[in-house]
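*Asks:* You'll find final27.json just under this line, and it carries JSON, C-alpha atoms.
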[["chain", "number", "residue", "atom", "x", "y", "z"],
["A", 1, "MET", "CA", 1.16, -2.72, -27.59],
["A", 2, "THR", "CA", 1.31, -6.06, -25.86],
["A", 3, "ALA", "CA", 4.80, -7.53, -26.02],
["A", 4, "PRO", "CA", 5.16, -11.33, -26.17],
["A", 5, "ALA", "CA", 6.71, -11.40, -22.65],
["A", 6, "ASP", "CA", 3.63, -9.71, -21.23],
["A", 7, "GLU", "CA", 1.46, -12.61, -22.31],
["A", 8, "GLU", "CA", 3.97, -15.31, -21.55],
["A", 9, "PHE", "CA", 4.97, -14.18, -18.05],
["A", 10, "GLY", "CA", 2.10, -11.92, -17.05],
["A", 11, "PHE", "CA", 4.26, -8.77, -17.07],
["A", 12, "ALA", "CA", 2.47, -5.42, -16.82],
["A", 13, "PRO", "CA", 3.10, -2.80, -19.54],
["A", 14, "ASP", "CA", 6.10, -0.54, -18.81],
["A", 15, "TYR", "CA", 3.97, 2.60, -18.51],
["A", 16, "ASP", "CA", 1.93, 1.01, -15.71],
["A", 17, "ALA", "CA", 4.26, 2.10, -12.90],
["A", 18, "PRO", "CA", 4.20, 5.10, -10.52],
["A", 19, "ILE", "CA", 4.53, 8.31, -12.57],
["A", 20, "PRO", "CA", 8.06, 9.82, -12.48],
["A", 21, "TYR", "CA", 6.69, 13.22, -11.44],
["A", 22, "MET", "CA", 9.99, 15.00, -10.93],
["A", 23, "GLN", "CA", 11.19, 14.13, -14.41],
["A", 24, "ARG", "CA", 7.82, 14.94, -16.00],
["A", 25, "ILE", "CA", 7.53, 18.30, -14.21],
["A", 26, "ARG", "CA", 11.12, 19.35, -15.00],
["A", 27, "THR", "CA", 10.70, 18.53, -18.69],
["A", 28, "TYR", "CA", 7.30, 20.20, -18.75],
["A", 29, "TYR", "CA", 8.52, 23.55, -17.43],
["A", 30, "GLN", "CA", 11.67, 23.46, -19.54],
["A", 31, "THR", "CA", 9.50, 22.91, -22.61],
["A", 32, "LEU", "CA", 7.25, 25.79, -21.58],
["A", 33, "GLY", "CA", 10.37, 27.95, -21.54],
["A", 34, "TYR", "CA", 11.17, 28.30, -17.82],
["A", 35, "GLY", "CA", 14.86, 27.96, -17.12],
["A", 36, "ALA", "CA", 15.94, 26.96, -13.62],
["A", 37, "PRO", "CA", 14.26, 23.70, -12.63],
["A", 38, "TYR", "CA", 12.46, 23.45, -9.30],
["A", 39, "ARG", "CA", 14.52, 21.83, -6.61],
["A", 40, "TRP", "CA", 12.61, 19.51, -4.29],
["A", 41, "ALA", "CA", 13.70, 19.11, -0.71],
["A", 42, "HIS", "CA", 15.97, 16.10, -0.42],
["A", 43, "TYR", "CA", 17.60, 14.45, 2.59],
["A", 44, "ARG", "CA", 19.93, 11.54, 3.18],
["A", 45, "ASP", "CA", 18.67, 10.93, 6.71],
["A", 46, "VAL", "CA", 15.09, 10.40, 7.82],
["A", 47, "PRO", "CA", 13.94, 10.71, 11.45],
["A", 48, "PHE", "CA", 11.93, 7.91, 13.01],
["A", 49, "THR", "CA", 9.90, 7.66, 16.21],
["A", 50, "PRO", "CA", 8.34, 4.26, 16.98],
["A", 51, "MET", "CA", 4.73, 4.17, 18.19],
["A", 52, "THR", "CA", 4.76, 3.43, 21.90],
["A", 53, "LYS", "CA", 1.01, 3.37, 22.43],
["A", 54, "PRO", "CA", -1.32, 0.81, 20.84],
["A", 55, "LEU", "CA", -3.20, 2.33, 17.91],
["A", 56, "SER", "CA", -6.47, 1.61, 19.67],
["A", 57, "ASP", "CA", -5.47, 3.94, 22.55],
["A", 58, "ALA", "CA", -3.82, 6.61, 20.44],
["A", 59, "THR", "CA", -5.02, 10.16, 19.75],
["A", 60, "ILE", "CA", -4.51, 10.82, 16.05],
["A", 61, "ALA", "CA", -3.97, 14.30, 14.59],
["A", 62, "LEU", "CA", -5.06, 15.01, 11.03],
["A", 63, "VAL", "CA", -3.02, 17.34, 8.81],
["A", 64, "THR", "CA", -4.19, 18.51, 5.39],
["A", 65, "THR", "CA", -3.01, 20.71, 2.51],
["A", 66, "ALA", "CA", -6.59, 21.45, 1.48],
["A", 67, "ALA", "CA", -7.96, 24.99, 1.79],
["A", 68, "PRO", "CA", -11.18, 26.21, 3.41],
["A", 69, "TYR", "CA", -13.74, 27.07, 0.75],
["A", 70, "ARG", "CA", -14.03, 30.84, 0.27],
["A", 71, "PRO", "CA", -16.94, 31.84, -1.97],
["A", 72, "GLU", "CA", -15.22, 35.07, -3.01],
["A", 73, "ALA", "CA", -12.09, 33.29, -4.30],
["A", 74, "GLY", "CA", -13.46, 32.04, -7.62],
["A", 75, "ASP", "CA", -14.04, 28.53, -8.93],
["A", 76, "GLN", "CA", -12.87, 25.97, -6.39],
["A", 77, "GLY", "CA", -14.43, 22.89, -7.90],
["A", 78, "PRO", "CA", -15.43, 20.21, -8.51],
["A", 79, "GLY", "CA", -13.59, 20.27, -11.84],
["A", 80, "ALA", "CA", -12.13, 23.75, -11.25],
["A", 81, "PRO", "CA", -9.00, 24.76, -13.14],
["A", 82, "TYR", "CA", -5.92, 25.60, -11.07],
["A", 83, "ASN", "CA", -6.96, 28.47, -8.79],
["A", 84, "SER", "CA", -4.08, 30.31, -7.16],
["A", 85, "ALA", "CA", -6.49, 32.82, -5.57],
["A", 86, "ALA", "CA", -7.71, 30.02, -3.28],
["A", 87, "LYS", "CA", -4.30, 29.51, -1.69],
["A", 88, "PHE", "CA", -3.58, 30.15, 1.97],
["A", 89, "TYR", "CA", -0.29, 31.17, 3.55],
["A", 90, "THR", "CA", -0.55, 30.47, 7.25],
["A", 91, "VAL", "CA", -1.31, 27.33, 9.28],
["A", 92, "TYR", "CA", -5.00, 27.10, 10.20],
["A", 93, "SER", "CA", -6.95, 24.70, 12.42],
["A", 94, "GLY", "CA", -10.52, 23.41, 12.67],
["A", 95, "ASP", "CA", -12.75, 21.51, 15.09],
["A", 96, "THR", "CA", -12.72, 17.80, 14.22],
["A", 97, "SER", "CA", -16.14, 17.18, 15.79],
["A", 98, "VAL", "CA", -17.89, 19.00, 12.93],
["A", 99, "ASP", "CA", -17.66, 18.78, 9.13],
["A", 100, "HIS", "CA", -15.68, 21.23, 6.99],
["A", 101, "ASP", "CA", -15.77, 22.28, 3.36],
["A", 102, "LEU", "CA", -12.16, 22.03, 2.21],
["A", 103, "ARG", "CA", -11.08, 22.21, -1.43],
["A", 104, "ILE", "CA", -7.98, 21.44, -3.49],
["A", 105, "SER", "CA", -8.31, 23.82, -6.44],
["A", 106, "HIS", "CA", -5.14, 25.65, -5.29],
["A", 107, "ILE", "CA", -2.95, 22.54, -5.62],
["A", 108, "GLY", "CA", -1.26, 20.95, -8.62],
["A", 109, "ILE", "CA", -3.61, 17.99, -8.81],
["A", 110, "ASP", "CA", -4.21, 15.88, -11.91],
["A", 111, "ARG", "CA", -6.81, 17.99, -13.68],
["A", 112, "LYS", "CA", -7.59, 15.45, -16.33],
["A", 113, "HIS", "CA", -8.30, 12.46, -14.11],
["A", 114, "THR", "CA", -9.18, 14.03, -10.75],
["A", 115, "THR", "CA", -12.59, 15.67, -10.61],
["A", 116, "ALA", "CA", -12.32, 16.77, -6.95],
["A", 117, "GLU", "CA", -16.00, 15.97, -6.50],
["A", 118, "ASP", "CA", -15.63, 13.84, -3.38],
["A", 119, "PRO", "CA", -13.73, 15.36, -0.41],
["A", 120, "GLY", "CA", -13.36, 11.84, 1.01],
["A", 121, "THR", "CA", -10.50, 11.35, -1.45],
["A", 122, "TRP", "CA", -8.36, 14.12, 0.08],
["A", 123, "PHE", "CA", -9.72, 14.97, 3.55],
["A", 124, "PRO", "CA", -10.45, 11.81, 5.55],
["A", 125, "LEU", "CA", -11.97, 13.41, 8.63],
["A", 126, "PRO", "CA", -15.31, 11.54, 8.51],
["A", 127, "ALA", "CA", -13.47, 8.26, 7.87],
["A", 128, "LEU", "CA", -11.11, 9.00, 10.75],
["A", 129, "ARG", "CA", -14.05, 9.61, 13.10],
["A", 130, "GLU", "CA", -15.47, 6.25, 11.98],
["A", 131, "ALA", "CA", -12.11, 4.61, 12.69],
["A", 132, "ALA", "CA", -12.35, 5.98, 16.23],
["A", 133, "ALA", "CA", -15.96, 4.83, 16.57],
["A", 134, "ARG", "CA", -15.08, 1.27, 15.67],
["A", 135, "GLY", "CA", -12.04, 1.25, 17.95],
["A", 136, "LEU", "CA", -9.26, 1.11, 15.36],
["A", 137, "ILE", "CA", -7.80, 4.27, 16.92],
["A", 138, "GLY", "CA", -8.35, 5.72, 20.39],
["A", 139, "LYS", "CA", -9.68, 9.07, 19.30],
["A", 140, "VAL", "CA", -9.35, 11.91, 16.82],
["A", 141, "ALA", "CA", -7.43, 14.91, 18.15],
["A", 142, "PRO", "CA", -9.68, 17.90, 18.89],
["A", 143, "ARG", "CA", -8.42, 19.94, 15.93],
["A", 144, "PHE", "CA", -7.18, 19.23, 12.42],
["A", 145, "HIS", "CA", -4.50, 21.45, 10.94],
["A", 146, "GLY", "CA", -4.08, 22.97, 7.48],
["A", 147, "LEU", "CA", -0.57, 23.40, 6.16],
["A", 148, "PRO", "CA", 0.29, 25.85, 3.36],
["A", 149, "THR", "CA", 2.11, 24.22, 0.44],
["A", 150, "ASN", "CA", 3.28, 27.11, -1.63],
["A", 151, "ARG", "CA", 5.99, 29.05, 0.15],
["A", 152, "SER", "CA", 9.73, 28.74, 0.08],
["A", 153, "HIS", "CA", 11.38, 25.76, 1.76],
["A", 154, "LYS", "CA", 12.67, 28.24, 4.34],
["A", 155, "THR", "CA", 9.18, 29.43, 5.27],
["A", 156, "THR", "CA", 7.78, 25.89, 5.27],
["A", 157, "LEU", "CA", 10.54, 24.62, 7.56],
["A", 158, "GLU", "CA", 11.08, 27.58, 9.86],
["A", 159, "VAL", "CA", 7.56, 28.98, 10.15],
["A", 160, "ASP", "CA", 4.82, 26.61, 9.00],
["A", 161, "CYS", "CA", 6.22, 23.27, 10.22],
["A", 162, "GLU", "CA", 7.13, 24.76, 13.60],
["A", 163, "GLU", "CA", 3.66, 26.24, 14.00],
["A", 164, "LEU", "CA", 2.14, 22.87, 13.06],
["A", 165, "LEU", "CA", 4.31, 21.08, 15.62],
["A", 166, "LYS", "CA", 3.25, 23.53, 18.31],
["A", 167, "ARG", "CA", -0.44, 22.93, 17.58],
["A", 168, "VAL", "CA", -0.14, 19.12, 17.37],
["A", 169, "LYS", "CA", 1.62, 19.16, 20.76],
["A", 170, "GLU", "CA", -1.07, 21.40, 22.26],
["A", 171, "ASP", "CA", -3.61, 18.82, 21.12],
["A", 172, "ARG", "CA", -1.64, 16.06, 22.88],
["A", 173, "ALA", "CA", -1.71, 13.89, 19.76],
["A", 174, "ASP", "CA", 0.17, 10.58, 19.88],
["A", 175, "ALA", "CA", 0.64, 10.41, 16.12],
["A", 176, "ALA", "CA", -0.23, 12.36, 12.99],
["A", 177, "LEU", "CA", -1.91, 11.34, 9.75],
["A", 178, "ILE", "CA", -0.80, 13.68, 6.96],
["A", 179, "ALA", "CA", -2.94, 13.69, 3.83],
["A", 180, "GLY", "CA", -0.91, 15.35, 1.08],
["A", 181, "ASN", "CA", -1.83, 16.14, -2.48],
["B", 1, "MET", "CA", 3.77, 17.67, 3.58],
["B", 2, "SER", "CA", 6.86, 15.53, 3.66],
["B", 3, "LEU", "CA", 8.71, 18.28, 5.52],
["B", 4, "ALA", "CA", 5.91, 18.39, 8.11],
["B", 5, "ALA", "CA", 6.22, 14.63, 8.65],
["B", 6, "ARG", "CA", 9.95, 15.01, 9.23],
["B", 7, "THR", "CA", 9.49, 17.92, 11.67],
["B", 8, "LEU", "CA", 6.86, 16.11, 13.76],
["B", 9, "GLU", "CA", 8.78, 12.84, 13.76],
["B", 10, "ALA", "CA", 12.04, 14.52, 14.82],
["B", 11, "ALA", "CA", 10.10, 16.03, 17.74],
["B", 12, "GLY", "CA", 8.89, 12.58, 18.86],
["B", 13, "ILE", "CA", 5.51, 12.37, 17.13],
["B", 14, "PRO", "CA", 5.10, 9.37, 14.78],
["B", 15, "THR", "CA", 3.63, 10.25, 11.40],
["B", 16, "VAL", "CA", 2.25, 8.64, 8.28],
["B", 17, "VAL", "CA", 1.97, 10.48, 4.96],
["B", 18, "MET", "CA", -0.83, 9.57, 2.57],
["B", 19, "GLY", "CA", 0.11, 10.57, -0.96],
["B", 20, "CYS", "CA", 0.15, 9.84, -4.69],
["B", 21, "ALA", "CA", 3.55, 11.21, -5.82],
["B", 22, "LYS", "CA", 5.82, 8.32, -4.94],
["B", 23, "ASP", "CA", 9.06, 9.67, -6.36],
["B", 24, "ILE", "CA", 8.71, 13.09, -4.74],
["B", 25, "VAL", "CA", 7.80, 11.90, -1.25],
["B", 26, "GLU", "CA", 10.60, 9.31, -1.29],
["B", 27, "HIS", "CA", 13.05, 11.88, -2.66],
["B", 28, "VAL", "CA", 12.37, 14.14, 0.32],
["B", 29, "GLY", "CA", 12.47, 11.15, 2.67],
["B", 30, "VAL", "CA", 9.69, 10.43, 5.17],
["B", 31, "PRO", "CA", 9.30, 7.96, 8.04],
["B", 32, "ARG", "CA", 6.10, 6.21, 6.84],
["B", 33, "PHE", "CA", 4.42, 6.58, 3.47],
["B", 34, "MET", "CA", 1.07, 5.15, 2.45],
["B", 35, "PHE", "CA", 1.34, 5.36, -1.33],
["B", 36, "SER", "CA", -1.75, 5.18, -3.53],
["B", 37, "ASP", "CA", -1.02, 4.87, -7.25],
["B", 38, "PHE", "CA", -3.86, 7.25, -8.09],
["B", 39, "PRO", "CA", -3.97, 10.59, -9.97],
["B", 40, "LEU", "CA", -2.75, 13.52, -7.82],
["B", 41, "GLY", "CA", -5.55, 14.75, -5.58],
["B", 42, "ASN", "CA", -6.74, 11.34, -4.36],
["B", 43, "PRO", "CA", -4.41, 10.36, -1.52],
["B", 44, "CYS", "CA", -7.26, 8.93, 0.57],
["B", 45, "GLY", "CA", -9.06, 6.64, -1.87],
["B", 46, "LYS", "CA", -11.22, 6.68, -4.96],
["B", 47, "PRO", "CA", -14.10, 9.16, -5.47],
["B", 48, "LYS", "CA", -17.61, 7.93, -4.63],
["B", 49, "ASP", "CA", -16.09, 4.71, -3.35],
["B", 50, "LYS", "CA", -16.36, 4.69, 0.40],
["B", 51, "GLY", "CA", -15.00, 1.15, 0.63],
["B", 52, "SER", "CA", -11.74, 2.23, -0.99],
["B", 53, "GLN", "CA", -11.48, 5.26, 1.30],
["B", 54, "THR", "CA", -12.06, 3.21, 4.46],
["B", 55, "ALA", "CA", -9.54, 0.57, 3.35],
["B", 56, "THR", "CA", -6.91, 3.17, 2.38],
["B", 57, "LEU", "CA", -7.23, 4.98, 5.71],
["B", 58, "GLU", "CA", -7.03, 1.73, 7.64],
["B", 59, "LEU", "CA", -3.82, 0.73, 5.85],
["B", 60, "ALA", "CA", -2.31, 4.15, 6.61],
["B", 61, "LEU", "CA", -3.23, 3.94, 10.30],
["B", 62, "ARG", "CA", -1.91, 0.38, 10.62],
["B", 63, "LEU", "CA", 1.38, 1.54, 9.17],
["B", 64, "LEU", "CA", 1.93, 3.74, 12.25],
["B", 65, "PRO", "CA", 2.74, 0.85, 14.62],
["B", 66, "ALA", "CA", 3.82, -1.59, 11.87],
["B", 67, "ALA", "CA", 6.79, 0.31, 10.38],
["B", 68, "ILE", "CA", 10.11, -0.97, 11.72],
["B", 69, "GLY", "CA", 12.17, 1.96, 10.48],
["B", 70, "PRO", "CA", 12.17, 5.15, 8.42],
["B", 71, "ARG", "CA", 11.40, 5.25, 4.68],
["B", 72, "THR", "CA", 8.77, 2.56, 5.03],
["B", 73, "THR", "CA", 6.50, 2.76, 1.98],
["B", 74, "VAL", "CA", 3.41, 0.63, 1.62],
["B", 75, "GLN", "CA", 1.55, 0.64, -1.67],
["B", 76, "ASN", "CA", -2.22, 0.59, -1.67],
["B", 77, "PRO", "CA", -3.30, -2.61, -3.47],
["B", 78, "ILE", "CA", -6.36, -0.83, -4.89],
["B", 79, "ARG", "CA", -6.07, 0.16, -8.56],
["B", 80, "TRP", "CA", -7.44, 3.40, -9.99],
["B", 81, "ASN", "CA", -8.68, 1.57, -13.09],
["B", 82, "GLU", "CA", -7.91, -1.53, -15.10],
["B", 83, "ASP", "CA", -5.62, -0.28, -17.87],
["B", 84, "GLY", "CA", -3.70, 2.39, -15.90],
["B", 85, "LYS", "CA", -3.37, 4.57, -19.00],
["B", 86, "TRP", "CA", -4.06, 7.74, -16.99],
["B", 87, "LYS", "CA", -0.37, 7.58, -16.04],
["B", 88, "LEU", "CA", 0.60, 8.59, -19.59],
["B", 89, "ASP", "CA", -1.10, 11.98, -19.33],
["B", 90, "TYR", "CA", 0.22, 14.11, -16.45],
["B", 91, "SER", "CA", 2.56, 16.93, -17.63],
["B", 92, "ASN", "CA", 3.68, 14.73, -20.48],
["B", 93, "VAL", "CA", 5.09, 17.04, -23.15],
["B", 94, "GLU", "CA", 5.16, 14.21, -25.64],
["B", 95, "GLN", "CA", 1.40, 14.53, -25.79],
["B", 96, "LEU", "CA", 1.17, 18.33, -26.27],
["B", 97, "SER", "CA", 1.05, 20.41, -29.48],
["B", 98, "PRO", "CA", 3.12, 23.65, -29.74],
["B", 99, "GLU", "CA", -0.15, 25.65, -29.54],
["B", 100, "GLU", "CA", -1.14, 23.88, -26.34],
["B", 101, "ILE", "CA", 2.30, 24.55, -24.84],
["B", 102, "ALA", "CA", 1.96, 28.29, -25.61],
["B", 103, "ARG", "CA", -1.53, 28.37, -24.12],
["B", 104, "ARG", "CA", -0.36, 26.69, -20.91],
["B", 105, "ARG", "CA", 2.54, 29.10, -20.57],
["B", 106, "ALA", "CA", 0.16, 32.09, -20.69],
["B", 107, "GLU", "CA", -2.12, 30.42, -18.14],
["B", 108, "PHE", "CA", 0.79, 29.69, -15.79],
["B", 109, "ASP", "CA", 2.00, 33.32, -15.89],
["B", 110, "LYS", "CA", -1.49, 34.53, -15.05],
["B", 111, "GLY", "CA", -1.79, 32.15, -12.08],
["B", 112, "LYS", "CA", 1.54, 33.29, -10.68],
["B", 113, "GLU", "CA", 0.46, 36.92, -10.78],
["B", 114, "ILE", "CA", -2.77, 36.15, -8.92],
["B", 115, "ALA", "CA", -0.88, 34.20, -6.24],
["B", 116, "LYS", "CA", 1.48, 37.13, -5.74],
["B", 117, "GLN", "CA", -1.44, 39.48, -5.11],
["B", 118, "ARG", "CA", -3.05, 37.00, -2.72],
["B", 119, "LEU", "CA", 0.18, 36.66, -0.73],
["B", 120, "ALA", "CA", 0.49, 40.45, -0.46],
["B", 121, "ALA", "CA", -3.12, 40.68, 0.79],
["B", 122, "ASP", "CA", -2.53, 37.88, 3.34],
["B", 123, "LEU", "CA", 0.59, 39.52, 4.72],
["B", 124, "LYS", "CA", -1.14, 42.90, 4.92],
["B", 125, "GLN", "CA", -4.06, 41.34, 6.80],
["B", 126, "ARG", "CA", -1.70, 39.59, 9.21],
["B", 127, "GLY", "CA", 0.20, 42.83, 9.76],
["B", 128, "ALA", "CA", -3.03, 44.60, 10.63],
["B", 129, "ALA", "CA", -4.01, 41.86, 13.09],
["B", 130, "GLU", "CA", -0.72, 41.93, 15.00]]
What is this structure when it is put down as structure tokens?

*Replies:*
Amino acid sequence: MTAPADEEFGFAPDYDAPIPYMQRIRTYYQTLGYGAPYRWAHYRDVPFTPMTKPLSDATIALVTTAAPYRPEAGDQGPGAPYNSAAKFYTVYSGDTSVDHDLRISHIGIDRKHTTAEDPGTWFPLPALREAAARGLIGKVAPRFHGLPTNRSHKTTLEVDCEELLKRVKEDRADAALIAGN
Amino acid sequence: MSLAARTLEAAGIPTVVMGCAKDIVEHVGVPRFMFSDFPLGNPCGKPKDKGSQTATLELALRLLPAAIGPRTTVQNPIRWNEDGKWKLDYSNVEQLSPEEIARRRAEFDKGKEIAKQRLAADLKQRGAAE
């Protein structure tokens, strides 16, 4: 598989680049027999707010797409197959001073290469507390917030994102760290 | 996730998204993106590798003040593994047999039905609470 240029110039193989997920997913569902392709949100313009406070003084909010573990909702991992029963449909919040059992079995993760055995790979609350303890950030906001991922764009934009904004403001956060999946 | 970043940012709250789907996040368009070229589900570092998680989080946090404008993407220098062949697998129809495609279709239909029931139960519960 190694082309001569790879050895001569140190080029990486062509496949070793970020996965073109949109193209893969469209082709996948078309091949499975589903007609209309999913349309991802897409904007020309992107808002930007510069940080005005030094990071070491800032209160950082944590936002996650992970779901609270519910024993009655079936296999939620590690290694669980896709579990739509574990989904949630409204914004929820939790106390950042204690630990939480959040899972990602309800999300389209890579089920071949992601075992979901270590929550540190998707919910960095303990690491964020450590960042505060060593002075990299000022402090962790009092609550983290869970954002549903599975509704229409309309619901996400008009209901869920607005509710999230309200809660992040209530917490007086200076910036938000959003761990997606 | 990307839509949340845009909403917060437009309201004056700087954000950084940690994620693994580079094309999707950049297609939506976000202010700051800490991209890890890892399998979906690992936006915050490698499993059982606290060093990688600490380093990934620190890069994301440092991106908050460091970005000079929107659509700033920084790629995590940490690699998932040496050969990177995991990238050939995800939803790649070239690697599936017709039987496997049929099986996955049945599984997908089942999952959709369960989600529909769960949504109905959630809405009912919310209605009762209000």

*Asks:* Using all atoms listed in the file and a distance of at most 7 Å, pull out the residues of chain B that contact chain A, as a VMD selection string.

*Replies:* chain B and resid 1 3 to 4 6 to 10 12 to 24 27 to 31 37 39 to 48 53 to 54 64 to 65 69 to 70 84 86 to 88 90 to 93 101 105 111 114 to 115 118 to 119

*Asks:* Determine, counting all atoms listed in the file, which protein, DNA and RNA residues have an atom within 9 Å of an atom of Thr96 in chain A; residues of the same chain fewer than 2 positions away are not included. Present the result as a VMD selection string.

*Replies:* chain A and resid 62 94 98 to 100 125 to 126 129 140 to 144

*Asks:* Of the residues A:Asp75, A:Pro37, A:Arg103, A:Pro81, which is the one nearest to Phe108 in chain B, using all atoms listed in the file?

*Replies:* A:Pro81

*Asks:* Using only C-alpha atoms, find the one residue out of B:Ile68, B:Leu96, B:Ala102, B:Ile78 that sits nearest to Gly51 in chain B.

*Replies:*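 Between B:Ile68, B:Leu96, B:Ala102, B:Ile78, the residue approaching Gly51 in chain B most closely is B:Ile78.
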
*Asks:* Enter the distance from CA of Glu170 in chain A to CA of Val91 in chain A, in Å, rounded to one decimal.

*Replies:*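 Value for the CA of Glu170 in chain A-CA of Val91 in chain A distance: 14.3 Å.
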
*Asks:* How many Å separate CA of Gln125 in chain B from CA of Ser2 in chain B?

*Replies:*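 According to the coordinates, CA of Gln125 in chain B and CA of Ser2 in chain B are separated by 28.2 Å.
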
*Asks:* Have a look at CA of Gly74 in chain A and CA of Arg104 in chain B and let me know their distance in Å, one decimal.

*Replies:*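 Pair CA of Gly74 in chain A / CA of Arg104 in chain B returns 19.4 Å.
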
*Asks:* Where's the centre, and what are the edge lengths in Å to one decimal, of a box along x, y and z enclosing all listed atoms of range 57-74 of chain B padded 8 Å per side, as JSON?

*Replies:*
{"center_x": 2.5, "center_y": 1.8, "center_z": 8.1, "size_x": 35.4, "size_y": 22.8, "size_z": 29.0}
